[in-house]
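*Asks:* As input, take coords06.tsv (TSV, C-alpha atoms):
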```
chain	number	residue	atom	x	y	z
W	1	MET	CA	6.66	-29.36	-30.22
W	2	ASN	CA	3.28	-27.61	-30.20
W	3	ARG	CA	1.93	-26.81	-26.77
W	4	PHE	CA	-1.55	-25.70	-25.91
W	5	ILE	CA	-1.62	-22.32	-24.19
W	6	ASN	CA	-4.23	-21.97	-21.47
W	7	TYR	CA	-4.45	-18.54	-19.85
W	8	ALA	CA	-6.87	-18.12	-16.98
W	9	HIS	CA	-8.92	-14.99	-17.67
W	10	ARG	CA	-9.02	-13.10	-14.34
W	11	GLY	CA	-7.91	-16.34	-12.70
W	12	ALA	CA	-10.18	-19.37	-12.49
W	13	SER	CA	-13.20	-17.08	-12.21
W	14	ALA	CA	-15.67	-19.94	-12.66
W	15	TYR	CA	-14.39	-21.37	-9.36
W	16	ALA	CA	-13.56	-18.30	-7.26
W	17	PRO	CA	-14.27	-14.55	-7.39
W	18	GLU	CA	-12.42	-13.04	-10.34
W	19	ASN	CA	-9.10	-11.27	-9.80
W	20	THR	CA	-8.61	-12.71	-6.31
W	21	MET	CA	-5.73	-14.75	-4.96
W	22	SER	CA	-8.17	-17.67	-4.63
W	23	ALA	CA	-8.93	-17.48	-8.36
W	24	PHE	CA	-5.23	-17.19	-9.26
W	25	ARG	CA	-4.30	-20.18	-7.05
W	26	LYS	CA	-7.13	-22.26	-8.47
W	27	ALA	CA	-5.98	-21.45	-12.02
W	28	LEU	CA	-2.50	-22.73	-11.20
W	29	GLU	CA	-4.00	-25.82	-9.56
W	30	LEU	CA	-5.95	-26.45	-12.78
W	31	LYS	CA	-2.66	-26.23	-14.73
W	32	ALA	CA	-3.18	-22.88	-16.44
W	33	ASN	CA	-0.04	-21.69	-18.26
W	34	GLY	CA	-0.66	-18.09	-17.24
W	35	ILE	CA	-3.10	-15.65	-15.73
W	36	GLU	CA	-4.65	-12.63	-17.45
W	37	LEU	CA	-5.47	-9.68	-15.24
W	38	ASP	CA	-6.01	-5.94	-15.60
W	39	LEU	CA	-4.15	-3.26	-13.67
W	40	GLN	CA	-5.49	0.19	-12.92
W	41	LYS	CA	-4.01	3.19	-11.13
W	42	THR	CA	-5.73	4.90	-8.21
W	43	LYS	CA	-5.89	8.68	-7.80
W	44	ASP	CA	-2.82	8.54	-5.54
W	45	GLY	CA	-0.83	6.40	-7.98
W	46	LYS	CA	-1.24	2.94	-6.41
W	47	ILE	CA	-1.60	-0.02	-8.78
W	48	VAL	CA	-4.58	-2.33	-8.18
W	49	ILE	CA	-6.08	-5.32	-9.95
W	50	PHE	CA	-9.48	-4.41	-11.37
W	51	HIS	CA	-11.01	-5.32	-14.72
W	52	ASP	CA	-13.85	-2.90	-15.40
W	53	ASP	CA	-13.43	0.76	-16.25
W	54	PHE	CA	-16.13	1.68	-13.73
W	55	ILE	CA	-16.50	0.33	-10.18
W	56	ASP	CA	-20.30	0.67	-10.14
W	57	LYS	CA	-21.04	-3.05	-10.74
W	58	LYS	CA	-18.44	-4.44	-8.32
W	59	SER	CA	-18.74	-2.09	-5.36
W	60	ASN	CA	-21.04	0.37	-3.62
W	61	GLY	CA	-19.12	3.25	-5.22
W	62	ILE	CA	-19.54	5.00	-8.54
W	63	GLY	CA	-17.01	6.18	-11.09
W	64	THR	CA	-13.55	4.84	-11.88
W	65	ILE	CA	-10.62	3.55	-9.85
W	66	SER	CA	-8.76	6.75	-10.72
W	67	ASP	CA	-11.50	8.76	-8.95
W	68	TYR	CA	-10.44	7.27	-5.59
W	69	THR	CA	-7.27	6.99	-3.53
W	70	TYR	CA	-6.16	3.52	-2.47
W	71	ASN	CA	-7.59	3.99	1.03
W	72	GLU	CA	-10.95	5.44	-0.03
W	73	ARG	CA	-13.94	3.12	-0.31
```
Transcribe the structure of this file into structure tokens.

*Replies:*
Amino acid sequence: MNRFINYAHRGASAYAPENTMSAFRKALELKANGIELDLQKTKDGKIVIFHDDFIDKKSNGIGTISDYTYNER
């Protein structure tokens, strides 16, 4: 049996902010088979969900996730 595979890229990002629990829940509600997300490591070794290499477009910071500890903003 062939089944269509529908992965939600960063969750249902057309319906909720990408890479948020709201986007992931909405993707499941819309019957996505899976969710694609990106993991990055902070300077202190914590794993976070973040797509871009640089945080400049999505925050008031500059640089990369690995430039900051988990608690820094």

*Asks:* For His51 (chain W), which residue out of W:Asp38, W:Glu72, W:Gly63, W:Phe4 is the nearest one, using only C-alpha atoms?

*Replies:*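 Closest candidate: W:Asp38.
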
*Asks:* Can you list, as number ranges by chain, every protein, DNA or RNA residue that comes within 9 Å of Lys41 (chain W) when you count all atoms listed in the file, leaving out same-chain residues fewer than 3 positions away?

*Replies:* W: 44-49, 65-66, 70

*Asks:* Please identify all polymer residues within 10 Å of Phe50 (chain W), counting only C-alpha atoms, omitting same-chain residues fewer than 2 positions from it, and present them as a PDB file with C-alpha atoms, in the coordinates of the input.

*Replies:*
```
ATOM      1  CA  ARG W  10      -9.020 -13.100 -14.340  1.00  0.00           C
ATOM      2  CA  GLU W  18     -12.420 -13.040 -10.340  1.00  0.00           C
ATOM      3  CA  ASN W  19      -9.100 -11.270  -9.800  1.00  0.00           C
ATOM      4  CA  THR W  20      -8.610 -12.710  -6.310  1.00  0.00           C
ATOM      5  CA  LEU W  37      -5.470  -9.680 -15.240  1.00  0.00           C
ATOM      6  CA  ASP W  38      -6.010  -5.940 -15.600  1.00  0.00           C
ATOM      7  CA  LEU W  39      -4.150  -3.260 -13.670  1.00  0.00           C
ATOM      8  CA  GLN W  40      -5.490   0.190 -12.920  1.00  0.00           C
ATOM      9  CA  LYS W  41      -4.010   3.190 -11.130  1.00  0.00           C
ATOM     10  CA  ILE W  47      -1.600  -0.020  -8.780  1.00  0.00           C
ATOM     11  CA  VAL W  48      -4.580  -2.330  -8.180  1.00  0.00           C
ATOM     12  CA  ASP W  52     -13.850  -2.900 -15.400  1.00  0.00           C
ATOM     13  CA  ASP W  53     -13.430   0.760 -16.250  1.00  0.00           C
ATOM     14  CA  PHE W  54     -16.130   1.680 -13.730  1.00  0.00           C
ATOM     15  CA  ILE W  55     -16.500   0.330 -10.180  1.00  0.00           C
ATOM     16  CA  LYS W  58     -18.440  -4.440  -8.320  1.00  0.00           C
ATOM     17  CA  ILE W  65     -10.620   3.550  -9.850  1.00  0.00           C
TER      18      ILE W  65
END
```

*Asks:* What gap, in Å, lies between CA of Ala27 (chain W) and CA of Ser13 (chain W)?

*Replies:*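 Interatomic distance, CA of Ala27 (chain W) to CA of Ser13 (chain W): 8.4 Å.
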
*Asks:* Which distance in Å separates CA of Lys26 (chain W) and CA of Ala12 (chain W), to one decimal?

*Replies:*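 That distance, rounded to one decimal, is 5.8 Å.
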
*Asks:* Just the residues within 9 Å of Asp67 (chain W), please, counting all atoms listed in the file, with nothing from its chain fewer than 3 positions along; format it as JSON, numbers by chain.

*Replies:* {"W": [42, 43, 62, 63, 64]}

*Asks:* Expressed in Å to a single decimal, how great is the separation between CA of Lys57 (chain W) and CA of Ala14 (chain W)?

*Replies:*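 Computing the Euclidean distance for CA of Lys57 (chain W) and CA of Ala14 (chain W) yields 17.8 Å.
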
*Asks:* Can you work out which one of W:Asp56, W:Tyr68, W:His9, W:Arg3 has the shortest atom-to-atom distance to Glu36 (chain W), counting all atoms listed in the file?

*Replies:*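 Nearest candidate to Glu36 (chain W) out of W:Asp56, W:Tyr68, W:His9, W:Arg3: W:His9.
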
*Asks:* If we draw a sphere of 9 Å around (-0.3, -20.1, -18.2), which residues have at least one atom in it when counting all atoms listed in the file? Please report them as a ChimeraX atom specification.

*Replies:* /W:5-8,27-28,31-36

*Asks:* Centre and edge lengths of an axis-aligned box around all listed atoms of region 42-58 of chain W, with 5 Å added on each side, are to be given in Å to one decimal, as lines of an AutoDock Vina configuration file.

*Replies:*
```
center_x = -10.9
center_y = 1.7
center_z = -10.9
size_x = 30.2
size_y = 24.0
size_z = 20.7
```

*Asks:* Kindly add all heavy atoms to the incomplete region 26-37 of chain W and provide the output as a PDB file, in the coordinates of the input.

*Replies:*
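Result file rebuild.pdb:
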```
ATOM      1  N   LYS W  26      -6.343 -21.206  -7.844  1.00  0.00           N
ATOM      2  CA  LYS W  26      -7.130 -22.260  -8.470  1.00  0.00           C
ATOM      3  C   LYS W  26      -6.717 -22.444  -9.931  1.00  0.00           C
ATOM      4  O   LYS W  26      -6.638 -23.581 -10.421  1.00  0.00           O
ATOM      5  CB  LYS W  26      -8.626 -21.949  -8.371  1.00  0.00           C
ATOM      6  CG  LYS W  26      -9.526 -23.044  -8.866  1.00  0.00           C
ATOM      7  CD  LYS W  26      -9.393 -24.287  -8.008  1.00  0.00           C
ATOM      8  CE  LYS W  26     -10.379 -25.365  -8.422  1.00  0.00           C
ATOM      9  NZ  LYS W  26     -10.226 -26.586  -7.622  1.00  0.00           N
ATOM     10  N   ALA W  27      -6.439 -21.363 -10.629  1.00  0.00           N
ATOM     11  CA  ALA W  27      -5.980 -21.450 -12.020  1.00  0.00           C
ATOM     12  C   ALA W  27      -4.685 -22.243 -12.106  1.00  0.00           C
ATOM     13  O   ALA W  27      -4.539 -23.105 -12.987  1.00  0.00           O
ATOM     14  CB  ALA W  27      -5.796 -20.048 -12.596  1.00  0.00           C
ATOM     15  N   LEU W  28      -3.762 -21.989 -11.201  1.00  0.00           N
ATOM     16  CA  LEU W  28      -2.500 -22.730 -11.200  1.00  0.00           C
ATOM     17  C   LEU W  28      -2.749 -24.205 -10.868  1.00  0.00           C
ATOM     18  O   LEU W  28      -2.147 -25.096 -11.475  1.00  0.00           O
ATOM     19  CB  LEU W  28      -1.522 -22.107 -10.215  1.00  0.00           C
ATOM     20  CG  LEU W  28      -1.073 -20.684 -10.563  1.00  0.00           C
ATOM     21  CD1 LEU W  28      -0.188 -20.125  -9.453  1.00  0.00           C
ATOM     22  CD2 LEU W  28      -0.348 -20.659 -11.896  1.00  0.00           C
ATOM     23  N   GLU W  29      -3.635 -24.449  -9.927  1.00  0.00           N
ATOM     24  CA  GLU W  29      -4.000 -25.820  -9.560  1.00  0.00           C
ATOM     25  C   GLU W  29      -4.590 -26.575 -10.753  1.00  0.00           C
ATOM     26  O   GLU W  29      -4.348 -27.770 -10.930  1.00  0.00           O
ATOM     27  CB  GLU W  29      -5.011 -25.777  -8.411  1.00  0.00           C
ATOM     28  CG  GLU W  29      -5.485 -27.099  -7.908  1.00  0.00           C
ATOM     29  CD  GLU W  29      -6.554 -26.922  -6.826  1.00  0.00           C
ATOM     30  OE1 GLU W  29      -6.340 -26.092  -5.910  1.00  0.00           O
ATOM     31  OE2 GLU W  29      -7.593 -27.597  -6.919  1.00  0.00           O
ATOM     32  N   LEU W  30      -5.337 -25.859 -11.593  1.00  0.00           N
ATOM     33  CA  LEU W  30      -5.950 -26.450 -12.780  1.00  0.00           C
ATOM     34  C   LEU W  30      -4.992 -26.486 -13.975  1.00  0.00           C
ATOM     35  O   LEU W  30      -5.393 -26.785 -15.092  1.00  0.00           O
ATOM     36  CB  LEU W  30      -7.225 -25.684 -13.146  1.00  0.00           C
ATOM     37  CG  LEU W  30      -8.367 -25.783 -12.142  1.00  0.00           C
ATOM     38  CD1 LEU W  30      -9.478 -24.802 -12.484  1.00  0.00           C
ATOM     39  CD2 LEU W  30      -8.895 -27.211 -12.082  1.00  0.00           C
ATOM     40  N   LYS W  31      -3.728 -26.143 -13.727  1.00  0.00           N
ATOM     41  CA  LYS W  31      -2.660 -26.230 -14.730  1.00  0.00           C
ATOM     42  C   LYS W  31      -2.720 -25.159 -15.817  1.00  0.00           C
ATOM     43  O   LYS W  31      -2.292 -25.376 -16.954  1.00  0.00           O
ATOM     44  CB  LYS W  31      -2.602 -27.609 -15.383  1.00  0.00           C
ATOM     45  CG  LYS W  31      -2.536 -28.759 -14.404  1.00  0.00           C
ATOM     46  CD  LYS W  31      -1.248 -28.736 -13.635  1.00  0.00           C
ATOM     47  CE  LYS W  31      -1.169 -29.994 -12.758  1.00  0.00           C
ATOM     48  NZ  LYS W  31      -0.451 -29.810 -11.554  1.00  0.00           N
ATOM     49  N   ALA W  32      -3.232 -23.984 -15.491  1.00  0.00           N
ATOM     50  CA  ALA W  32      -3.180 -22.880 -16.440  1.00  0.00           C
ATOM     51  C   ALA W  32      -1.722 -22.501 -16.684  1.00  0.00           C
ATOM     52  O   ALA W  32      -0.902 -22.561 -15.772  1.00  0.00           O
ATOM     53  CB  ALA W  32      -3.949 -21.674 -15.907  1.00  0.00           C
ATOM     54  N   ASN W  33      -1.400 -22.120 -17.920  1.00  0.00           N
ATOM     55  CA  ASN W  33      -0.040 -21.690 -18.260  1.00  0.00           C
ATOM     56  C   ASN W  33       0.236 -20.264 -17.815  1.00  0.00           C
ATOM     57  O   ASN W  33       1.382 -19.851 -17.695  1.00  0.00           O
ATOM     58  CB  ASN W  33       0.195 -21.739 -19.772  1.00  0.00           C
ATOM     59  CG  ASN W  33      -0.006 -23.105 -20.351  1.00  0.00           C
ATOM     60  OD1 ASN W  33      -1.107 -23.418 -20.752  1.00  0.00           O
ATOM     61  ND2 ASN W  33       1.021 -23.920 -20.386  1.00  0.00           N
ATOM     62  N   GLY W  34      -0.818 -19.488 -17.631  1.00  0.00           N
ATOM     63  CA  GLY W  34      -0.660 -18.090 -17.240  1.00  0.00           C
ATOM     64  C   GLY W  34      -1.983 -17.527 -16.765  1.00  0.00           C
ATOM     65  O   GLY W  34      -3.020 -18.179 -16.844  1.00  0.00           O
ATOM     66  N   ILE W  35      -1.917 -16.324 -16.258  1.00  0.00           N
ATOM     67  CA  ILE W  35      -3.100 -15.650 -15.730  1.00  0.00           C
ATOM     68  C   ILE W  35      -3.208 -14.286 -16.380  1.00  0.00           C
ATOM     69  O   ILE W  35      -2.228 -13.536 -16.435  1.00  0.00           O
ATOM     70  CB  ILE W  35      -3.006 -15.494 -14.198  1.00  0.00           C
ATOM     71  CG1 ILE W  35      -2.960 -16.868 -13.527  1.00  0.00           C
ATOM     72  CG2 ILE W  35      -4.152 -14.659 -13.655  1.00  0.00           C
ATOM     73  CD1 ILE W  35      -2.571 -16.824 -12.076  1.00  0.00           C
ATOM     74  N   GLU W  36      -4.389 -13.958 -16.874  1.00  0.00           N
ATOM     75  CA  GLU W  36      -4.650 -12.630 -17.450  1.00  0.00           C
ATOM     76  C   GLU W  36      -5.326 -11.799 -16.378  1.00  0.00           C
ATOM     77  O   GLU W  36      -6.249 -12.255 -15.716  1.00  0.00           O
ATOM     78  CB  GLU W  36      -5.554 -12.765 -18.678  1.00  0.00           C
ATOM     79  CG  GLU W  36      -5.862 -11.453 -19.371  1.00  0.00           C
ATOM     80  CD  GLU W  36      -7.000 -10.654 -18.760  1.00  0.00           C
ATOM     81  OE1 GLU W  36      -7.870 -11.246 -18.081  1.00  0.00           O
ATOM     82  OE2 GLU W  36      -7.025  -9.428 -18.939  1.00  0.00           O
ATOM     83  N   LEU W  37      -4.833 -10.595 -16.188  1.00  0.00           N
ATOM     84  CA  LEU W  37      -5.470  -9.680 -15.240  1.00  0.00           C
ATOM     85  C   LEU W  37      -5.289  -8.260 -15.743  1.00  0.00           C
ATOM     86  O   LEU W  37      -4.488  -8.002 -16.635  1.00  0.00           O
ATOM     87  CB  LEU W  37      -4.892  -9.844 -13.831  1.00  0.00           C
ATOM     88  CG  LEU W  37      -3.379  -9.695 -13.665  1.00  0.00           C
ATOM     89  CD1 LEU W  37      -2.986  -8.269 -13.391  1.00  0.00           C
ATOM     90  CD2 LEU W  37      -2.915 -10.606 -12.562  1.00  0.00           C
TER      91      LEU W  37
END
```
